[in-house]
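K.L.:
This is the structure I have questions about; it appears just below.
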Amino acid sequence: MGLRNQARSFSRAGVEHAAAKRRVHARRLSLLLWPEGHEPVELRPGERAYVGRHPCNDLPLFTKSASRFHAVVEWRAGAARPEVRDRSSANGTWVDGQRLTGEGPAHVLNGDERLRFGDVEVTQRALNG
């Protein structure tokens with residue numbers, strides 16, 4: 001293969017790779033967290049949402065059972081799924097009935113678990129958009 005044909009082949013491969021990359025980015029994944037009686041919060045890769053009773057939280061829960069700074073849901077850039085971590089809350093962060101502890105590792109969410117912060121149930125829904 002001559003240099004000219006080789007250059008054309010690499011160029012075509014580069015264009016195809018760029019097009020595939022655009023298709024992947026067009027299909028952005030996100031997670032919708034929707035506490036009962038509250039506004040939903042959308043979380044995308046590279047973002048985090050703080051959960052708690054204090055109004056500065058991304059997901060404010062106005063109930064006495066939630067700590068002021070209760071938990072954090074984080075979707076690290078490049079990670080396949082988000083994770084939830086308790087921030088040493090008094091009434092706990094619960095995933096499918098199991099309490100997370102502030103000292104323990106974060107729990108990686110797969111999208112169908114039941115989340116509870118204190119006594120607030122949170123629906124999570126994976127979105128492709």
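In the structure tokens, each chain is lettered A, B, ... as it comes, each chain's residues begin at 1, and ligands are numbered from 1 in order of appearance.
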Excluding segment 69-76 of chain A and any residue of its chain fewer than 5 positions from it, enumerate the residues within 6 Å of it, using only C-alpha atoms, and give them as a VMD selection string.

P.N.:
chain A and resid 45 to 52 82 to 87 89

K.L.:
Given only C-alpha atoms as the basis, pick out the residue of A:Phe62, A:Ser30, A:Leu43, A:His107 nearest to Leu127 of chain A.

P.N.:
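Ranked by minimum distance to Leu127 of chain A, first place goes to A:Ser30.
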
K.L.:
Tell me, in Å to one decimal, how far atom CA of Glu121 of chain A is from atom CA of Pro55 of chain A.

P.N.:
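Calculated distance between atom CA of Glu121 of chain A and atom CA of Pro55 of chain A is 18.4 Å.
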
K.L.:
Pick from A:His54, A:Asp112, A:Gly102, A:Phe117: nearest to Arg68 of chain A, with only C-alpha atoms counted?

P.N.:
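Result for the nearest residue to Arg68 of chain A: A:His54.
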
K.L.:
Calculated over only C-alpha atoms, which of the candidates A:Ala77, A:Ala66, A:Pro60, A:Leu109 has the smallest distance to Arg44 of chain A?

P.N.:
A:Ala77

K.L.:
Tell me which protein, DNA and RNA residues are within 9 Å of Gly97 of chain A, counting only C-alpha atoms, leaving out same-chain ones fewer than 4 positions away, and put them as a VMD selection string.

P.N.:
chain A and resid 114 to 116

K.L.:
Hey, which of A:Leu29, A:Val95, A:Leu100, A:Ala80 ends up closest to Glu113 of chain A? Count only C-alpha atoms.

P.N.:
A:Val95

K.L.:
Which one of A:Asn91, A:Ala126, A:Asp119, A:Thr101 sits closest to Glu36 of chain A if you count only C-alpha atoms?

P.N.:
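Among the listed residues, the smallest separation from Glu36 of chain A belongs to A:Asp119.
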
K.L.:
For the atom pair atom CA of Gly37 of chain A and atom CA of Val120 of chain A, what is the interatomic distance in Å to one decimal place?

P.N.:
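About the pair atom CA of Gly37 of chain A and atom CA of Val120 of chain A: they are 9.0 Å apart.
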
K.L.:
Enumerate, as a PyMOL selection string, the complete set of residues in segment 30-121 of chain A that a backbone-based DSSP assignment places in strand (DSSP E).

P.N.:
chain A and resi 30-35+41-43+47-52+59-60+71-75+83-86+93-95+98-100+107-108+115-117+120-121

K.L.:
Give me the residues within 9 Å of Trp34 of chain A as a list in words, counting only C-alpha atoms and dropping any in the same chain fewer than 5 places off.

P.N.:
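Skipping anything fewer than 5 positions along the chain leaves Glu39, Pro40, Val41, Glu42, Leu59, Glu121, Val122, Thr123, Gln124 and Arg125 of chain A.
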
K.L.:
Pick from A:Gly111, A:Asp96, A:Ala106, A:Cys56: nearest to Leu32 of chain A, with only C-alpha atoms counted?

P.N.:
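So, comparing all the options, the nearest one is A:Gly111.
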